[in-house]
2 protein chains.
Amino acid sequence: MDHGALTFTRDVERGPARLGTLRTAHGSVRTPAFVVVATQASVKGVSAEAAARAGTQLLFANTYHLYLRPGAEVVARHGGLHRFMNWRGPILTDSGGFQVFSLGASIEHGVGKVASIFPGERSAPRLAGGGSRVRISDQGVRFKSHIDGSLHDFSPEISVAVQRALGADMVLAFDECTSPLHDEAYTRASMERTHRWAERSLAAFEGSSPRHGYPQALFGVVQGGAFRELREASAAAIGAMPFDGIAIGGNLGATLSDMYAVLDWTIPRLPAGRPRHLLGIGDVPSILEAVERGIDTFDCVAPTRNARNGAAFVRRGDEGERVPGFRINLRNARFVDDVRPLEAGCDCDTCRSYSRAYLRHLFKANEQLGQQLTTVHNLRFMARLMSDVRDSLERDEFAAFKAELLAGG
Amino acid sequence: MDHGALTFTRDVERGPARLGTLRTAHGSVRTPAFVVVATQASVKGVSAEAAARAGTQLLFANTYHLYLRPGAEVVARHGGLHRFMNWRGPILTDSGGFQVFSLGASIEHGVGKVASIFPGERSAPRLAGGGSRVRISDQGVRFKSHIDGSLHDFSPEISVAVQRALGADMVLAFDECTSPLHDEAYTRASMERTHRWAERSLAAFEGSSPRHGYPQALFGVVQGGAFRELREASAAAIGAMPFDGIAIGGNLGATLSDMYAVLDWTIPRLPAGRPRHLLGIGDVPSILEAVERGIDTFDCVAPTRNARNGAAFVRRGDEGERVPGFRINLRNARFVDDVRPLEAGCDCDTCRSYSRAYLRHLFKANEQLGQQLTTVHNLRFMARLMSDVRDSLERDEFAAFKAELLAGG
């Protein structure tokens with residue numbers, strides 16, 4: 001929204017899919033792109049420099065976490081997130097809304113990542129032994145810190161101010177996140193509040209200035225759960241507001257098919273010229289399906305979290321066979337004396353220098369270097385995947401690329 | 001001991017202190033040098049490449065650990081430790097003796113790092129709830145794995161064979177390690193066994209060949225506890241055998257003064273032309289005192305272990321004052337918004353790019369990147385310290401350098 005904060009060009013279009021370029025004050029991103037998660041201003045397991053060497057273009061940091069710890073003003077004293085964490089490329093921050101509901105509340109419906117919230121001025125029921133609660137109203141949200149139980153207020157205005165202090169290139173409007181267990185009536189009321197909060201986020205953003213000498217862009221968030229009418233309404237409402245880009249968030253349904261349906265309802269109603277981000281999704285099939293439908297960027301903890309658990313991403317098995325989940329478990333005994341790299345043909349720093357046997361040894365011996373080296377590989381896997389997606393769009397061979405990747409070997 | 005495995009030149013001598021060069025099949029080491037510990041073929045917290053970038057010249061890996069996990073033959077299949085862990089410089093391995101007694105036994109005198117052992121054919125008492133035992137005889141040692149309780153035998157011949165498989169540039173003769181609670185009679189009997197084992201290690205080494213296409217050097221180990229007569233006898237006995245170098249091990253007494261006395265008894269009786277390694281010592285005062293007495297290399301877990309606990313090494317405080325233990329605790333609240341690097345003037349990758357506030361944040365937020373970045377700094381601290389030690393020897397200003405470093409600010 002700041003003048004010149006962001007430009008997005010669609011360089012090639014293949015049906016709804018687009019090959020594009022996002023230009024920010026911290027450089028350009030070729031899309032479709034995977035956004036690596038750095039929740040607490042750290043890509044778990046590796047330095048920002050190592051993430052960049054693996055081909056990462058863009059990072060995603062979390063406003064809620066950084067607001068609580070170390071505090072937005074500590075980051076601001078460094079000149080913003082880029083200098084704080086030594087990352088030169090663009091950064092996206094969420095609004096804090098998702099974590100306020102899922103972590104601050106500490107009360108979950110038990111359905112994936114989405115937390116329970118309650119309408120109007122009602123507060124959440126006190127949990128046995130817990131006592132955590134989140135209180136939501138049109139004004140904003142009061143929540144307890146997951147770190148020390150202290151009480152905090154968040155609102156569209158506070159979220160914008162915190163994100164101004166953090167200084168990401170792209171920031172999100174404050175939204176309410178619903179769960180699959182919310183009914184249509186509640187999801188509608190919540191969506192309408194998110195739309196009102198979107199207007200307030202825009203006003204707060206336009207009424208404030210960047211704090212670190214470079215402009216920022218503001219993205220709106222489409223909500224509406226897995227309800228067709230609501231998704232269509234939210235896409236139309238958020239798409240009509242003067243955001244620099246659009247994120248698709250909230251409950252995307254119970255299955256991959258549900259999620260594809262949400263995208264099918266949403267994307268045609270969004271302005272074509274603005275970048276589209278799909279929040280929290282990063283598995284290979286979903287990325288391919290979403291690219292095909294016109295999504296430009298994705299964020300997900302999968303590459304880093306899997307690496308910490310000893311799972312390395314591969315496109316194929318050693319005999320060319322399909323590998324469930326596109327990953328191998330390095331703790332498996334069959335790797336004990338396997339001198340081959342994680343993935344044949346991979347050019348990452350890990351595959352160029354280390355064997356599966358060494359990585360397995362590190363995991364078995366509880367040496368954190370195993371997590372570090374596997375994270376490097378998984379980040380490179382995602383960067384190579386997206387690079388190949390872009391190449392296939394450029395050559396107009398996306399359908400074949402997708403079919404080959406998803407089919408049996 | 002292999003032909004051409006090691007040459008050591010004393011390039012400058014200042015009294016007993018020497019500035020030297022160790023030349024191995026994997027390159028040269030300028031001495032005095034600090035040897036970074038990579039117990040399980042991993043420098044805890046960082047890649048070998050990062051350790052090299054921090055100025056590390058030489059690594060120290062542990063035979064006992066690698067024999068048990070992943071197994072020496074797994075390492076051998078990679079062509080030895082260098083390729084297994086992607087380290088191009090020289091490597092030293094211990095004999096396994098120290099860990100057999102301290103970890104295999106699982107019974108400690110409660111005095112530092114040294115474990116209880118028992119003379120002759122007697123076995124250690126079974127511990128309540130434990131059942132671990134180590135059985136020692138002139139033939140060798142039978143011990144239980146600390147990982148799975150399995151029984152293993154170690155002897156001079158087995159230790160040499162395992163170290164041939166691991167392929168370090170410098171390997172140690174199998175020795176028995178005594179504790180400060182052992183009396184002189186036991187320490188003497190143990191030392192005499194260590195001398196017999198030294199002869200057998202030499203014979204086993206000379207009767208075997210390198211397995212990985214490059215030669216290896218064999219170091220003897222001086223024992224004798226904190227008893228003057230024994231240290232003098234052991235230095236004379238080990239020094240008279242045709243080892244490529246000498247390590248000083250075992251119980252070095254209860255205080256730094258005791259250790260300096262052990263060095264004063266030992267070093268004058270060692271052959272001047274061979275390199276001298278002091279096992280397991282790496283604090284700043286000890287290094288300076290030992291260099292002054294003619295020690296060439298040191299190994300210690302202090303830089304890596306301190307880093308993992310959030311302690312960063314510094315020579316001075318911000319006002320030039322002396323800092324206890326030469327370290328600051330990054331968890332301290334005073335660093336919460338301190339935008340300065342860990343140590344003024346440090347050229348490490350961490351100090352060039354990150355603030356104390358960021359590092360403190362990482363430790364508070366349990367992000368392993370904090371350990372990684374602090375390890376890089378502490379390794380660089382040790383490398384810079386040793387570089388300055390060498391420069392001061394070259395310029396014949398060692399006494400002034402030492403006095404300034406140890407004195408109040």
# chains A, B, ... in the order shown; residues from 1 in each chain; ligands from 1
$ interface_residues --of "chain A" --to "chain B" --cutoff "10 Å" --atoms "only C-alpha atoms" --output "short mmCIF file (atom, residue, chain, number, x, y, z; two decimals) with N, CA and C atoms, in the first residue's frame"
data_model
loop_
_atom_site.label_atom_id
_atom_site.label_comp_id
_atom_site.auth_asym_id
_atom_site.auth_seq_id
_atom_site.Cartn_x
_atom_site.Cartn_y
_atom_site.Cartn_z
N GLN A 40 9.89 -17.53 14.52
CA GLN A 40 10.46 -16.66 15.55
C GLN A 40 11.69 -15.93 15.01
N ALA A 41 11.64 -15.52 13.74
CA ALA A 41 12.78 -14.86 13.09
C ALA A 41 13.99 -15.78 13.00
N SER A 42 13.70 -17.08 12.85
CA SER A 42 14.75 -18.07 12.63
C SER A 42 14.14 -19.20 11.81
N VAL A 43 14.76 -19.52 10.69
CA VAL A 43 14.36 -20.72 9.96
C VAL A 43 14.84 -21.89 10.80
N LYS A 44 13.93 -22.67 11.34
CA LYS A 44 14.34 -23.66 12.35
C LYS A 44 15.44 -24.56 11.80
N GLY A 45 16.58 -24.56 12.49
CA GLY A 45 17.67 -25.46 12.15
C GLY A 45 18.80 -24.87 11.34
N VAL A 46 18.54 -23.77 10.63
CA VAL A 46 19.61 -23.22 9.78
C VAL A 46 19.63 -21.70 9.83
N SER A 47 20.74 -21.13 9.43
CA SER A 47 20.85 -19.68 9.34
C SER A 47 20.12 -19.18 8.10
N ALA A 48 19.78 -17.90 8.12
CA ALA A 48 19.15 -17.30 6.94
C ALA A 48 20.06 -17.41 5.73
N GLU A 49 21.36 -17.32 5.98
CA GLU A 49 22.32 -17.43 4.89
C GLU A 49 22.25 -18.83 4.25
N HIS A 65 4.25 -14.29 17.57
CA HIS A 65 5.44 -14.76 18.30
C HIS A 65 6.42 -13.62 18.55
N LEU A 66 6.67 -12.83 17.53
CA LEU A 66 7.70 -11.79 17.66
C LEU A 66 7.23 -10.62 18.52
N ARG A 69 7.83 -12.11 21.94
CA ARG A 69 9.24 -12.40 22.22
C ARG A 69 10.02 -12.31 20.93
N PRO A 70 10.98 -11.43 20.77
CA PRO A 70 11.59 -10.56 21.79
C PRO A 70 10.82 -9.27 22.01
N GLY A 71 9.72 -9.03 21.27
CA GLY A 71 9.03 -7.74 21.30
C GLY A 71 9.36 -6.98 20.03
N GLU A 73 9.57 -3.89 19.38
CA GLU A 73 10.50 -2.76 19.47
C GLU A 73 11.96 -3.21 19.51
N VAL A 74 12.23 -4.40 20.04
CA VAL A 74 13.60 -4.93 19.99
C VAL A 74 14.01 -5.15 18.54
N VAL A 75 13.08 -5.72 17.76
CA VAL A 75 13.36 -5.92 16.33
C VAL A 75 13.53 -4.56 15.64
N ALA A 76 12.65 -3.62 15.99
CA ALA A 76 12.72 -2.30 15.36
C ALA A 76 14.06 -1.61 15.64
N ARG A 77 14.59 -1.83 16.84
CA ARG A 77 15.89 -1.20 17.17
C ARG A 77 16.99 -1.67 16.26
N HIS A 78 16.83 -2.85 15.67
CA HIS A 78 17.83 -3.37 14.72
C HIS A 78 17.60 -2.84 13.31
N ARG A 83 17.53 -7.06 9.19
CA ARG A 83 18.83 -6.95 9.87
C ARG A 83 18.87 -7.81 11.11
N PHE A 84 17.74 -7.89 11.81
CA PHE A 84 17.69 -8.69 13.04
C PHE A 84 18.14 -10.12 12.77
N MET A 85 17.60 -10.70 11.68
CA MET A 85 17.89 -12.10 11.40
C MET A 85 18.85 -12.32 10.24
N ASN A 86 19.41 -11.22 9.71
CA ASN A 86 20.43 -11.32 8.66
C ASN A 86 19.89 -11.97 7.39
N TRP A 87 18.73 -11.50 6.97
CA TRP A 87 18.11 -12.00 5.73
C TRP A 87 17.95 -10.82 4.78
N ILE A 147 3.43 -18.06 26.41
CA ILE A 147 4.74 -18.15 27.06
C ILE A 147 4.61 -17.98 28.57
N VAL A 336 21.97 -47.62 7.02
CA VAL A 336 23.10 -47.66 7.95
C VAL A 336 24.45 -47.57 7.26
N ASP A 337 24.59 -48.18 6.10
CA ASP A 337 25.88 -48.04 5.41
C ASP A 337 25.67 -47.60 3.96
N ASP A 338 24.66 -46.77 3.76
CA ASP A 338 24.34 -46.27 2.42
C ASP A 338 25.17 -45.01 2.15
N VAL A 339 26.16 -45.17 1.28
CA VAL A 339 27.09 -44.06 1.06
C VAL A 339 26.57 -43.05 0.03
N ARG A 340 25.36 -43.25 -0.47
CA ARG A 340 24.82 -42.33 -1.47
C ARG A 340 24.29 -41.05 -0.82
N THR A 350 24.20 -30.30 1.27
CA THR A 350 24.19 -31.58 1.99
C THR A 350 24.45 -32.74 1.04
N ARG A 352 25.88 -32.73 -1.76
CA ARG A 352 27.19 -32.68 -2.38
C ARG A 352 28.29 -33.20 -1.47
N SER A 353 28.02 -33.26 -0.17
CA SER A 353 29.12 -33.56 0.76
C SER A 353 28.87 -34.70 1.74
N TYR A 354 27.61 -35.14 1.89
CA TYR A 354 27.32 -36.10 2.96
C TYR A 354 26.51 -37.30 2.45
N SER A 355 26.72 -38.42 3.10
CA SER A 355 26.00 -39.64 2.74
C SER A 355 24.77 -39.82 3.63
N ALA A 357 24.28 -42.54 5.19
CA ALA A 357 24.80 -43.23 6.38
C ALA A 357 25.25 -42.20 7.42
N TYR A 358 25.92 -41.15 6.96
CA TYR A 358 26.38 -40.13 7.90
C TYR A 358 25.18 -39.42 8.54
N LEU A 359 24.20 -39.07 7.71
CA LEU A 359 23.02 -38.37 8.24
C LEU A 359 22.26 -39.27 9.21
N ARG A 360 22.10 -40.55 8.84
CA ARG A 360 21.45 -41.48 9.77
C ARG A 360 22.22 -41.54 11.08
N HIS A 361 23.54 -41.64 10.99
CA HIS A 361 24.36 -41.68 12.20
C HIS A 361 24.09 -40.44 13.08
N LEU A 362 24.02 -39.27 12.46
CA LEU A 362 23.79 -38.05 13.24
C LEU A 362 22.45 -38.09 13.96
N LYS A 364 20.74 -40.86 14.82
CA LYS A 364 20.80 -41.89 15.86
C LYS A 364 21.63 -41.41 17.05
N ALA A 365 22.65 -40.61 16.78
CA ALA A 365 23.54 -40.14 17.85
C ALA A 365 23.06 -38.82 18.46
N ASN A 366 21.86 -38.37 18.06
CA ASN A 366 21.31 -37.11 18.58
C ASN A 366 22.22 -35.92 18.38
N GLU A 367 22.88 -35.88 17.24
CA GLU A 367 23.70 -34.72 16.89
C GLU A 367 22.84 -33.76 16.08
N GLN A 368 22.69 -32.52 16.54
CA GLN A 368 21.77 -31.60 15.87
C GLN A 368 22.20 -31.26 14.45
N LEU A 369 23.46 -31.56 14.11
CA LEU A 369 23.90 -31.35 12.73
C LEU A 369 23.03 -32.13 11.75
N GLY A 370 22.50 -33.27 12.16
CA GLY A 370 21.62 -34.04 11.28
C GLY A 370 20.40 -33.24 10.87
N GLN A 371 19.80 -32.55 11.83
CA GLN A 371 18.63 -31.73 11.52
C GLN A 371 19.02 -30.57 10.60
N GLN A 372 20.16 -29.99 10.90
CA GLN A 372 20.64 -28.85 10.11
C GLN A 372 20.86 -29.25 8.65
N LEU A 373 21.58 -30.34 8.45
CA LEU A 373 21.90 -30.75 7.07
C LEU A 373 20.65 -31.21 6.32
#
$ residues_around --residues "Val162 of chain A" --least-positions-apart "5" --cutoff "12 Å" --atoms "only C-alpha atoms" --output "PyMOL selection string"
chain A and resi 62-68+71-76+80-81+93-96+153-157+167-168+171-174+201+204-205+208+210-211
$ residues_around --residues "Gly4 of chain A" --least-positions-apart "6" --cutoff "12 Å" --atoms "only C-alpha atoms" --output "VMD selection string"
chain A and resid 22 to 25 169 214 to 218 244
$ residues_around --residues "Asn329 of chain A" --least-positions-apart "4" --cutoff "7 Å" --atoms "only C-alpha atoms" --output "PyMOL selection string"
chain A and resi 310-312
$ closest_residue --among "A:Pro341, A:Gly282, A:Gly140, A:Gly250" --to "Ser102 of chain A" --atoms "only C-alpha atoms"
A:Gly250
$ select_by_dssp --residues "segment 38-106 of chain A" --states "strand (DSSP E)" --output "list in words"
Leu58, Leu59, Phe60, Ala61, Ile91, Leu92 and Thr93 of chain A
$ residues_around --residues "segment 191-199 of chain B" --least-positions-apart "6" --cutoff "10 Å" --atoms "only C-alpha atoms" --output "PyMOL selection string"
chain B and resi 137-140+155-157+172-178+185+205+219-225+230-231+233-234+237-238+241-243+250
$ atom_distance --atom1 "atom CA of Val12 of chain B" --atom2 "atom CA of Pro275 of chain B"
13.7 Å
$ select_by_dssp --residues "segment 189-386 of chain A" --states "alpha helix (DSSP H)" --output "PyMOL selection string"
chain A and resi 189-206+228-240+256-266+284-293+302-308+349-353+356-364+369-386
